[in-house]
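Enquirer: Next comes the structure file final_26.txt, holding compact mmCIF, C-alpha atoms.
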```
# COMPACT_ATOMS: atom_id res chain seq x y z
CA MET A 1 0.92 48.79 -147.21
CA SER A 2 4.03 48.90 -149.45
CA TRP A 3 7.50 48.58 -147.96
CA ASP A 4 8.32 52.20 -148.87
CA LEU A 5 5.30 53.49 -146.94
CA LEU A 6 6.12 51.24 -144.01
CA ARG A 7 9.71 52.50 -143.99
CA MET A 8 8.56 56.12 -144.09
CA ASP A 9 6.11 55.47 -141.24
CA LEU A 10 8.88 53.87 -139.24
CA GLN A 11 11.23 56.79 -139.87
CA ARG A 12 8.61 59.31 -138.73
CA THR A 13 7.74 57.53 -135.51
CA LEU A 14 10.85 55.79 -134.24
CA GLU A 15 12.95 57.04 -131.38
CA LEU A 16 15.45 54.69 -129.79
CA VAL A 17 17.41 54.90 -126.61
CA LEU A 18 20.51 52.81 -127.19
CA GLU A 19 23.26 51.86 -124.81
CA ILE A 20 26.70 52.37 -126.27
CA PRO A 21 30.09 51.23 -124.98
CA SER A 22 32.04 53.87 -123.04
CA SER A 23 34.93 53.44 -125.48
CA TRP A 24 32.79 54.35 -128.51
CA LYS A 25 33.82 57.66 -130.05
CA LYS A 26 31.23 60.06 -131.35
CA PRO A 27 31.49 60.63 -135.13
CA LYS A 28 32.46 64.10 -136.21
CA GLY A 29 29.56 66.40 -136.89
CA SER A 30 27.08 64.24 -134.97
CA GLN A 31 26.01 67.20 -132.86
CA ARG A 32 25.20 69.12 -136.01
CA ARG A 33 23.07 66.24 -137.21
CA GLY A 34 20.75 66.36 -134.22
CA ALA A 35 22.17 63.68 -131.92
CA ARG A 36 23.28 64.26 -128.37
CA LEU A 37 25.21 62.14 -125.92
CA LEU A 38 23.67 61.61 -122.51
CA PRO A 39 25.69 61.28 -119.28
CA SER A 40 24.52 57.71 -118.73
CA GLN A 41 26.24 56.46 -121.88
CA THR A 42 23.02 56.41 -123.86
CA ILE A 43 22.39 58.00 -127.18
CA LEU A 44 19.22 59.47 -128.61
CA LEU A 45 18.70 59.06 -132.33
CA PRO A 46 17.21 62.03 -134.24
CA ARG A 47 13.45 62.02 -134.84
CA ASN A 48 13.36 64.55 -137.68
CA PRO A 49 12.14 62.66 -140.78
CA GLY A 50 14.26 64.93 -142.97
CA CYS A 51 17.42 64.34 -140.98
CA ARG A 52 20.21 62.41 -142.69
CA VAL A 53 22.82 60.54 -140.70
CA CYS A 54 26.15 58.94 -141.52
CA HIS A 55 26.67 55.22 -142.14
CA ARG A 56 28.05 54.80 -138.64
CA TRP A 57 24.75 55.96 -137.15
CA LYS A 58 22.93 53.50 -139.39
CA ARG A 59 25.14 50.67 -138.17
CA LEU A 60 24.27 51.62 -134.61
CA VAL A 61 20.56 51.30 -135.33
CA ASP A 62 21.01 47.95 -137.05
CA ASP A 63 23.03 46.51 -134.17
CA ARG A 64 20.56 44.48 -132.08
CA TRP A 65 23.05 44.33 -129.22
CA LEU A 66 22.38 48.03 -128.58
CA TRP A 67 18.60 47.70 -128.33
CA ARG A 68 18.53 47.70 -124.54
CA HIS A 69 16.08 50.50 -123.54
CA VAL A 70 13.48 51.43 -126.15
CA ASP A 71 10.89 54.23 -126.04
CA LEU A 72 8.13 54.10 -128.65
CA THR A 73 5.61 56.52 -127.12
CA LEU A 74 6.37 59.84 -128.78
CA TYR A 75 4.03 59.16 -131.67
CA THR A 76 1.12 56.84 -132.37
CA MET A 77 2.70 53.75 -133.86
CA ARG A 78 0.74 51.40 -136.07
CA PRO A 79 0.64 47.72 -135.12
CA LYS A 80 2.31 46.78 -138.41
CA VAL A 81 5.28 48.96 -137.52
CA MET A 82 5.40 47.43 -134.04
CA TRP A 83 5.55 43.96 -135.53
CA HIS A 84 8.30 45.04 -137.90
CA LEU A 85 10.39 46.43 -135.04
CA LEU A 86 9.89 43.29 -133.01
CA ARG A 87 10.91 40.95 -135.82
CA ARG A 88 13.86 42.94 -137.13
CA TYR A 89 15.42 44.72 -134.16
CA MET A 90 14.25 43.56 -130.74
CA ALA A 91 16.11 40.57 -129.37
CA SER A 92 17.44 39.03 -126.18
CA ARG A 93 19.31 42.22 -125.15
CA LEU A 94 16.09 44.20 -124.69
CA TYR A 95 15.71 45.10 -121.01
CA SER A 96 12.98 47.74 -120.91
CA LEU A 97 10.27 48.85 -123.32
CA ARG A 98 7.93 51.80 -123.23
CA MET A 99 5.07 51.75 -125.70
CA GLY A 100 1.72 53.44 -126.25
CA GLY A 101 -1.70 52.29 -127.26
CA TYR A 102 -4.71 53.90 -128.94
CA LEU A 103 -7.18 54.37 -126.10
CA PHE A 104 -8.15 57.90 -127.15
CA SER A 105 -8.02 57.33 -130.92
CA GLY A 106 -11.64 56.27 -131.43
CA SER A 107 -13.50 52.98 -131.59
CA GLN A 108 -12.04 52.09 -134.99
CA ALA A 109 -8.42 52.51 -133.91
CA PRO A 110 -6.19 49.40 -133.75
CA GLN A 111 -5.42 48.03 -130.29
CA LEU A 112 -2.58 46.15 -128.70
CA SER A 113 -3.13 42.44 -129.18
CA PRO A 114 -2.41 39.38 -127.03
CA ALA A 115 -0.42 37.95 -129.95
CA LEU A 116 1.96 40.93 -129.90
CA MET A 117 2.48 40.59 -126.13
CA ARG A 118 3.17 36.86 -126.41
CA ALA A 119 5.60 37.40 -129.29
CA LEU A 120 7.37 40.06 -127.25
CA GLY A 121 7.92 37.58 -124.44
CA GLN A 122 9.22 34.91 -126.81
CA LYS A 123 11.54 37.20 -128.77
CA CYS A 124 12.87 39.11 -125.74
CA PRO A 125 13.50 36.61 -122.92
CA ASN A 126 15.38 39.20 -120.83
CA LEU A 127 12.69 41.88 -120.83
CA LYS A 128 12.34 43.09 -117.24
CA ARG A 129 10.38 46.35 -117.48
CA LEU A 130 7.28 47.13 -119.54
CA CYS A 131 5.56 50.55 -119.48
CA LEU A 132 2.23 50.87 -121.27
CA HIS A 133 0.61 54.25 -121.94
CA VAL A 134 -2.98 55.07 -123.02
CA ALA A 135 -3.60 51.46 -123.96
CA ASP A 136 -6.87 49.56 -123.97
CA LEU A 137 -5.98 46.27 -122.27
CA SER A 138 -9.54 45.04 -121.81
CA MET A 139 -8.95 42.41 -124.52
CA VAL A 140 -5.34 41.69 -123.55
CA PRO A 141 -5.28 39.14 -120.71
CA ILE A 142 -2.54 39.51 -118.14
CA THR A 143 -1.51 35.93 -118.96
CA SER A 144 -0.23 37.13 -122.36
CA LEU A 145 2.35 39.51 -120.84
CA PRO A 146 6.00 38.38 -120.83
CA SER A 147 6.58 36.14 -117.81
CA THR A 148 10.06 37.62 -117.23
CA LEU A 149 8.72 41.04 -116.16
CA ARG A 150 9.91 42.44 -112.84
CA THR A 151 8.32 45.89 -113.31
CA LEU A 152 4.95 46.63 -114.92
CA GLU A 153 3.72 50.20 -115.33
CA LEU A 154 0.25 51.16 -116.56
CA HIS A 155 -0.30 54.86 -117.30
CA SER A 156 -3.78 56.01 -118.35
CA CYS A 157 -4.75 52.50 -119.39
CA GLU A 158 -8.08 50.68 -119.42
CA ILE A 159 -8.38 47.19 -117.93
CA SER A 160 -11.25 44.74 -117.59
CA MET A 161 -12.89 43.58 -114.37
CA ILE A 162 -11.22 40.15 -114.60
CA TRP A 163 -7.75 41.47 -115.44
CA LEU A 164 -6.35 41.03 -111.93
CA GLN A 165 -8.80 38.64 -110.34
CA LYS A 166 -7.32 36.68 -107.48
CA GLU A 167 -8.81 33.41 -108.77
CA GLN A 168 -6.71 33.49 -111.95
CA ASP A 169 -3.58 31.38 -112.52
CA PRO A 170 -1.21 32.10 -109.61
CA THR A 171 1.83 31.35 -111.80
CA VAL A 172 1.29 34.46 -113.96
CA LEU A 173 4.20 36.94 -113.75
CA PRO A 174 6.04 34.98 -111.06
CA LEU A 175 8.94 37.46 -110.92
CA LEU A 176 6.89 40.67 -110.69
CA GLU A 177 8.42 42.92 -108.02
CA CYS A 178 6.97 46.35 -108.83
CA ILE A 179 3.64 47.49 -110.27
CA VAL A 180 2.71 51.11 -111.02
CA LEU A 181 -0.97 51.95 -111.57
CA ASP A 182 -1.14 55.57 -112.67
CA ARG A 183 -4.55 56.96 -113.67
CA VAL A 184 -6.13 53.57 -114.33
CA PRO A 185 -9.81 54.50 -113.80
CA ALA A 186 -11.19 50.96 -113.71
CA PHE A 187 -8.83 49.85 -110.94
CA ARG A 188 -10.81 49.08 -107.78
CA ASP A 189 -10.77 47.05 -104.57
CA GLU A 190 -11.20 43.73 -106.38
CA HIS A 191 -8.13 44.43 -108.53
CA LEU A 192 -6.13 45.47 -105.49
CA GLN A 193 -7.07 42.22 -103.78
CA GLY A 194 -5.89 40.37 -106.87
CA LEU A 195 -2.36 41.72 -106.42
CA THR A 196 -1.93 39.42 -103.44
CA ARG A 197 -1.14 36.50 -105.77
CA PHE A 198 2.15 38.12 -106.81
CA ARG A 199 4.31 36.73 -104.04
CA ALA A 200 7.46 38.48 -105.31
CA LEU A 201 5.78 41.91 -105.23
CA ARG A 202 7.72 44.41 -103.11
CA SER A 203 6.74 47.80 -104.56
CA LEU A 204 3.23 49.19 -105.20
CA VAL A 205 2.38 52.64 -106.59
CA LEU A 206 -1.23 53.82 -106.72
CA GLY A 207 -1.72 57.12 -108.53
CA GLY A 208 -5.19 58.55 -109.08
CA THR A 209 -6.93 55.19 -108.52
CA TYR A 210 -10.04 56.86 -107.15
CA ARG A 211 -12.15 53.68 -106.94
CA VAL A 212 -9.99 52.16 -104.21
CA THR A 213 -11.64 52.53 -100.81
CA GLU A 214 -10.20 52.66 -97.29
CA THR A 215 -11.75 49.28 -96.51
CA GLY A 216 -10.29 47.73 -99.66
CA LEU A 217 -6.83 49.12 -98.97
CA ASP A 218 -6.81 47.85 -95.40
CA ALA A 219 -7.98 44.36 -96.41
CA SER A 220 -5.44 44.09 -99.23
CA LEU A 221 -2.45 45.34 -97.23
CA GLN A 222 -3.21 42.65 -94.68
CA GLU A 223 -2.23 40.08 -97.34
CA LEU A 224 0.52 42.26 -98.85
CA SER A 225 2.47 42.48 -95.61
CA TYR A 226 5.72 41.78 -97.50
CA LEU A 227 5.62 45.13 -99.36
CA GLN A 228 8.72 47.28 -98.89
CA ARG A 229 7.58 50.36 -100.81
CA LEU A 230 4.13 51.92 -100.98
CA GLU A 231 3.08 55.12 -102.75
CA VAL A 232 -0.48 56.44 -102.61
CA LEU A 233 -0.78 59.66 -104.61
CA GLY A 234 -3.80 61.63 -105.77
CA CYS A 235 -6.34 59.05 -104.60
CA THR A 236 -9.54 59.70 -102.67
CA LEU A 237 -8.06 58.00 -99.60
CA SER A 238 -7.18 60.21 -96.67
CA ALA A 239 -3.56 60.17 -95.52
CA ASP A 240 -4.59 59.26 -91.98
CA SER A 241 -6.48 56.15 -93.07
CA THR A 242 -3.59 55.10 -95.30
CA LEU A 243 -1.07 55.48 -92.47
CA LEU A 244 -3.34 53.52 -90.15
CA ALA A 245 -3.49 50.61 -92.60
CA ILE A 246 0.29 50.75 -93.06
CA SER A 247 0.95 50.69 -89.32
CA ARG A 248 -1.32 47.66 -88.94
CA HIS A 249 0.01 45.49 -91.74
CA LEU A 250 3.28 46.79 -93.26
CA ARG A 251 5.76 46.65 -90.42
CA ASP A 252 8.60 45.89 -92.86
CA VAL A 253 7.92 48.79 -95.23
CA ARG A 254 11.05 50.80 -96.08
CA LYS A 255 9.68 53.61 -98.23
CA ILE A 256 6.38 55.52 -97.95
CA ARG A 257 5.20 58.29 -100.23
CA LEU A 258 1.73 59.78 -100.02
CA THR A 259 -0.36 62.85 -100.71
CA VAL A 260 -1.03 64.93 -97.60
CA GLY A 261 -4.79 65.28 -98.14
CA GLY A 262 -6.44 64.35 -94.85
CA LEU A 263 -3.15 64.23 -92.91
CA SER A 264 -3.24 65.23 -89.25
CA ALA A 265 -1.01 64.91 -86.21
CA GLN A 266 -2.98 61.79 -85.24
CA GLY A 267 -2.02 60.19 -88.54
CA LEU A 268 1.66 60.73 -87.78
CA VAL A 269 1.22 58.89 -84.49
CA PHE A 270 0.36 55.74 -86.45
CA LEU A 271 3.87 55.77 -87.97
CA GLU A 272 5.75 56.21 -84.73
CA GLY A 273 8.14 53.39 -83.99
CA MET A 274 8.09 51.89 -87.51
CA PRO A 275 11.14 49.62 -87.18
CA VAL A 276 12.70 49.64 -90.66
CA LEU A 277 11.21 52.72 -92.37
CA GLU A 278 14.06 54.46 -94.23
CA SER A 279 12.38 57.04 -96.46
CA LEU A 280 9.24 59.12 -95.86
CA CYS A 281 7.76 61.61 -98.33
CA PHE A 282 4.76 63.92 -97.96
CA GLN A 283 3.53 65.45 -101.20
CA GLY A 284 1.29 68.48 -101.61
CA PRO A 285 -0.41 70.63 -102.54
CA LEU A 286 -1.33 71.66 -99.01
CA ILE A 287 -5.11 71.17 -98.84
CA THR A 288 -5.64 69.91 -95.30
CA PRO A 289 -6.52 72.27 -92.42
CA ASP A 290 -5.12 69.88 -89.80
CA MET A 291 -1.68 69.55 -91.39
CA PRO A 292 0.92 68.71 -88.71
CA THR A 293 3.44 71.40 -87.86
CA PRO A 294 7.13 70.89 -88.65
CA THR A 295 7.77 70.36 -84.94
CA GLN A 296 5.20 67.55 -84.81
CA ILE A 297 6.75 65.93 -87.88
CA VAL A 298 10.19 66.04 -86.25
CA SER A 299 8.82 64.51 -83.06
CA SER A 300 7.30 61.56 -84.92
CA CYS A 301 10.35 61.02 -87.14
CA LEU A 302 12.64 60.77 -84.12
CA THR A 303 10.80 57.60 -83.08
CA MET A 304 11.77 55.83 -86.33
CA PRO A 305 15.22 54.32 -85.75
CA LYS A 306 16.09 53.61 -89.40
CA LEU A 307 14.73 56.81 -90.99
CA ARG A 308 17.37 58.42 -93.20
CA VAL A 309 15.40 60.48 -95.73
CA LEU A 310 12.53 62.90 -95.13
CA GLU A 311 11.10 64.63 -98.18
CA VAL A 312 8.43 67.31 -98.27
CA GLN A 313 7.13 68.39 -101.68
CA GLY A 314 4.73 71.08 -102.75
CA LEU A 315 3.86 72.46 -99.30
CA GLY A 316 5.50 75.84 -99.85
CA TRP A 317 8.00 75.27 -97.04
CA GLU A 318 11.13 75.68 -99.11
CA GLY A 319 13.32 78.48 -97.76
CA GLN A 320 10.94 79.08 -94.86
CA GLU A 321 11.27 78.63 -91.11
CA ALA A 322 9.64 75.19 -91.45
CA GLU A 323 12.61 73.93 -93.47
CA LYS A 324 15.06 75.11 -90.80
CA ILE A 325 13.10 73.32 -88.06
CA LEU A 326 13.14 70.04 -90.01
CA CYS A 327 16.86 70.21 -90.79
CA LYS A 328 17.82 71.16 -87.26
CA GLY A 329 15.56 68.59 -85.62
CA LEU A 330 16.69 65.68 -87.82
CA PRO A 331 20.48 66.00 -88.15
CA HIS A 332 20.86 62.29 -88.93
CA CYS A 333 18.49 62.52 -91.93
CA ILE A 334 18.70 63.89 -95.42
CA VAL A 335 15.92 66.49 -95.40
CA ILE A 336 14.59 67.54 -98.81
CA VAL A 337 12.12 70.42 -99.00
CA ARG A 338 11.10 71.46 -102.51
CA ALA A 339 8.28 72.18 -104.89
CA CYS A 340 6.64 69.29 -106.69
CA PRO A 341 9.04 68.34 -109.50
CA LYS A 342 7.92 68.06 -113.08
CA GLU A 343 7.62 64.56 -114.40
CA SER A 344 10.98 63.41 -115.72
CA MET A 345 11.30 62.46 -119.35
CA ASP A 346 14.16 60.14 -118.44
CA TRP A 347 11.81 57.22 -117.87
CA TRP A 348 14.60 54.66 -117.85
CA MET A 349 16.31 56.22 -114.80
```
As structure tokens - that is how I would like this structure written.

Expert:
Amino acid sequence: MSWDLLRMDLQRTLELVLEIPSSWKKPKGSQRRGARLLPSQTILLPRNPGCRVCHRWKRLVDDRWLWRHVDLTLYTMRPKVMWHLLRRYMASRLYSLRMGGYLFSGSQAPQLSPALMRALGQKCPNLKRLCLHVADLSMVPITSLPSTLRTLELHSCEISMIWLQKEQDPTVLPLLECIVLDRVPAFRDEHLQGLTRFRALRSLVLGGTYRVTETGLDASLQELSYLQRLEVLGCTLSADSTLLAISRHLRDVRKIRLTVGGLSAQGLVFLEGMPVLESLCFQGPLITPDMPTPTQIVSSCLTMPKLRVLEVQGLGWEGQEAEKILCKGLPHCIVIVRACPKESMDWWM
């Protein structure tokens, strides 16, 4: 591929999220050219391939110091372009990266490579957060990921059976504190058991991991007793069985978020007296006939001495008598009753 074609491909696909100093002044006419300032002192560069920008904008792009949070998922990006970005722009300032793969692009599509992951770790020694979307990681061993990661997110990705085996090198990702597994169809009990080797892990999010069983969850949480945040959303596990496993093994958990499918008043009893639980969220839609009443929820929450936030989403209680009962019964808590929010595009928040 010629340099002109590579440059055009880069211009079509690149969107950067750059941190800028608070003292930096916006050039005149920048709003007319498609850019917009965000409240968090970040700036979004225009994606329109026909858009022309001033020299000051170009200097911003070329300044590696500003490449702090980068999102490369809006378009399918060729591996050659990824390598070009890594070599020319990404450096030690890079803190978080969001990138996509080619899982749904056919068998002949290029895939993320172990070499790219290793080069990313070498070139960006301060990378803390990596979010991978629709990527086939079956040929990318977890040992090739940057060792500096504290947060790893997999969204609609494919992994192999040995990707998270417990018998693998225990020194892999020694700093990993949070892992998000969202719609990873191959994830199962054996993978969940493999998470126990990450001794720094404090936050686990399971979303749509339908192969995880109640037995597997209970056995794994027994060894993950140091978790402080657990979210189980859209899985085949019942809420009651999840709460039972939590009450048995996660006495130090501070935040729980789960789908209400299979939740009953008996399930709430399992949570009573949790010593350090600070935030509890139940997420709909309401599909369980034995759903506890607001009064029963208040009764259980009053037994949790540290509880400060109760959130109820997607149960249709907003503005209803149920919301008034929760607010009145828990005056020491922040009570949030709302519909299920749309997924935020501000992934770096």

Enquirer: Extract, using only C-alpha atoms, all DNA, RNA and protein residues at most 6 Å from segment 79-92 of chain A, discarding same-chain residues fewer than 5 positions from it, and format them as a PyMOL selection string.

Expert: chain A and resi 64+123-126

Enquirer: Let's have the selection written as a tab-separated table (two decimals), in the coordinates of the input, with C-alpha atoms.

Expert:
```tsv
chain	number	residue	atom	x	y	z
A	64	ARG	CA	20.56	44.48	-132.08
A	123	LYS	CA	11.54	37.20	-128.77
A	124	CYS	CA	12.87	39.11	-125.74
A	125	PRO	CA	13.50	36.61	-122.92
A	126	ASN	CA	15.38	39.20	-120.83
```

Enquirer: Within 10 Å of segment 338-340 of chain A, counting all atoms listed in the file, which residues qualify if same-chain residues fewer than 3 places away don't, as a ChimeraX atom specification?

Expert: /A:283-285,311-319,323,335,343

Enquirer: Give the answer as one residue: which of A:Ala186, A:Leu145, A:Leu66, A:Glu158 has the shortest atom-to-atom distance to Val172 of chain A, using all atoms listed in the file?

Expert: A:Leu145

Enquirer: In Å, rounded to a single decimal, give me how far atom CA of Ser247 of chain A is from atom CA of Leu302 of chain A.

Expert: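 According to the coordinates, atom CA of Leu302 of chain A and atom CA of Ser247 of chain A are separated by 16.3 Å.
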
Enquirer: What separation in Å, quoted to one decimal, exists between atom CA of Ala239 of chain A and atom CA of Leu310 of chain A?

Expert: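 Separating atom CA of Ala239 of chain A from atom CA of Leu310 of chain A is a distance of 16.3 Å.
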
Enquirer: What's the separation between atom CA of Cys157 of chain A and atom CA of Val184 of chain A, in Å to one decimal place?

Expert: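 So the two atoms, atom CA of Cys157 of chain A and atom CA of Val184 of chain A, lie 5.4 Å apart.
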
Enquirer: For Leu263 of chain A, find every residue with an atom within 7 Å (counting all atoms listed in the file), except residues of its own chain fewer than 3 positions away, and show them as a short mmCIF file (atom, residue, chain, number, x, y, z; two decimals) with C-alpha atoms, in the frame of the given file.

Expert:
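This went into selection.cif:
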```
data_model
loop_
_atom_site.label_atom_id
_atom_site.label_comp_id
_atom_site.auth_asym_id
_atom_site.auth_seq_id
_atom_site.Cartn_x
_atom_site.Cartn_y
_atom_site.Cartn_z
CA SER A 238 -7.18 60.21 -96.67
CA ALA A 239 -3.56 60.17 -95.52
CA ASP A 240 -4.59 59.26 -91.98
CA VAL A 260 -1.03 64.93 -97.60
CA GLY A 267 -2.02 60.19 -88.54
CA THR A 288 -5.64 69.91 -95.30
CA ASP A 290 -5.12 69.88 -89.80
CA MET A 291 -1.68 69.55 -91.39
#
```

Enquirer: Measuring atom to atom with all atoms listed in the file, identify which of A:Thr209, A:Ser279, A:Ser203, A:Gln111 is nearest to Thr151 of chain A.

Expert: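 Result for the nearest residue to Thr151 of chain A: A:Ser203.
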
Enquirer: Show me, as an mmCIF file with C-alpha atoms, in the coordinates of the input, the residues that have an atom within 12 Å of Met161 of chain A when counting all atoms listed in the file, minus same-chain residues fewer than 4 positions from it.

Expert:
```cif
data_model
loop_
_atom_site.group_PDB
_atom_site.id
_atom_site.type_symbol
_atom_site.label_atom_id
_atom_site.label_comp_id
_atom_site.auth_asym_id
_atom_site.auth_seq_id
_atom_site.Cartn_x
_atom_site.Cartn_y
_atom_site.Cartn_z
ATOM 1 C CA LEU A 137 -5.980 46.270 -122.270
ATOM 2 C CA SER A 138 -9.540 45.040 -121.810
ATOM 3 C CA MET A 139 -8.950 42.410 -124.520
ATOM 4 C CA PRO A 141 -5.280 39.140 -120.710
ATOM 5 C CA ILE A 142 -2.540 39.510 -118.140
ATOM 6 C CA GLN A 165 -8.800 38.640 -110.340
ATOM 7 C CA LYS A 166 -7.320 36.680 -107.480
ATOM 8 C CA PRO A 185 -9.810 54.500 -113.800
ATOM 9 C CA ALA A 186 -11.190 50.960 -113.710
ATOM 10 C CA PHE A 187 -8.830 49.850 -110.940
ATOM 11 C CA ARG A 188 -10.810 49.080 -107.780
ATOM 12 C CA ASP A 189 -10.770 47.050 -104.570
ATOM 13 C CA GLU A 190 -11.200 43.730 -106.380
ATOM 14 C CA HIS A 191 -8.130 44.430 -108.530
ATOM 15 C CA LEU A 192 -6.130 45.470 -105.490
ATOM 16 C CA GLY A 194 -5.890 40.370 -106.870
#
```

Enquirer: Where atoms are missing, can you supply all heavy atoms for segment 93-100 of chain A and output the lot as a compact mmCIF listing (two decimals), in the frame of the given file?

Expert:
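Contents of selection_36.txt, freshly written:
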```txt
# COMPACT_ATOMS: atom_id res chain seq x y z
N ARG A 93 18.69 41.14 -125.93
CA ARG A 93 19.31 42.22 -125.15
C ARG A 93 18.29 43.21 -124.61
O ARG A 93 18.60 43.98 -123.70
CB ARG A 93 20.32 42.99 -126.02
CG ARG A 93 21.69 42.37 -126.09
CD ARG A 93 22.52 42.75 -124.89
NE ARG A 93 22.81 44.18 -124.83
CZ ARG A 93 23.43 44.77 -123.85
NH1 ARG A 93 23.82 44.07 -122.81
NH2 ARG A 93 23.67 46.07 -123.85
N LEU A 94 17.09 43.22 -125.12
CA LEU A 94 16.09 44.20 -124.69
C LEU A 94 15.77 44.03 -123.21
O LEU A 94 15.37 42.96 -122.77
CB LEU A 94 14.81 44.06 -125.52
CG LEU A 94 13.75 45.13 -125.27
CD1 LEU A 94 14.24 46.48 -125.72
CD2 LEU A 94 12.44 44.77 -125.98
N TYR A 95 15.94 45.12 -122.45
CA TYR A 95 15.71 45.10 -121.01
C TYR A 95 14.44 45.83 -120.62
O TYR A 95 13.70 45.38 -119.75
CB TYR A 95 16.91 45.72 -120.29
CG TYR A 95 16.82 45.68 -118.79
CD1 TYR A 95 17.30 44.58 -118.08
CD2 TYR A 95 16.26 46.73 -118.07
CE1 TYR A 95 17.22 44.53 -116.70
CE2 TYR A 95 16.16 46.69 -116.69
CZ TYR A 95 16.65 45.59 -116.00
OH TYR A 95 16.56 45.55 -114.64
N SER A 96 14.18 46.97 -121.25
CA SER A 96 12.98 47.74 -120.91
C SER A 96 12.35 48.32 -122.17
O SER A 96 13.06 48.72 -123.09
CB SER A 96 13.31 48.86 -119.91
OG SER A 96 14.26 49.76 -120.46
N LEU A 97 11.02 48.37 -122.16
CA LEU A 97 10.27 48.85 -123.32
C LEU A 97 9.14 49.73 -122.85
O LEU A 97 8.40 49.39 -121.92
CB LEU A 97 9.71 47.66 -124.10
CG LEU A 97 8.76 47.99 -125.27
CD1 LEU A 97 9.48 48.79 -126.34
CD2 LEU A 97 8.17 46.71 -125.85
N ARG A 98 9.03 50.87 -123.49
CA ARG A 98 7.93 51.80 -123.23
C ARG A 98 7.14 51.98 -124.51
O ARG A 98 7.71 52.38 -125.53
CB ARG A 98 8.49 53.14 -122.75
CG ARG A 98 7.44 54.12 -122.24
CD ARG A 98 8.10 55.43 -121.88
NE ARG A 98 7.20 56.32 -121.18
CZ ARG A 98 7.45 57.59 -120.95
NH1 ARG A 98 8.58 58.13 -121.37
NH2 ARG A 98 6.59 58.34 -120.31
N MET A 99 5.87 51.68 -124.49
CA MET A 99 5.07 51.75 -125.70
C MET A 99 3.67 52.27 -125.39
O MET A 99 3.18 52.17 -124.27
CB MET A 99 4.99 50.37 -126.38
CG MET A 99 4.40 49.28 -125.50
SD MET A 99 4.60 47.62 -126.17
CE MET A 99 3.66 47.77 -127.68
N GLY A 100 3.04 52.84 -126.40
CA GLY A 100 1.72 53.44 -126.25
C GLY A 100 0.66 52.67 -127.00
O GLY A 100 0.94 51.89 -127.91
```
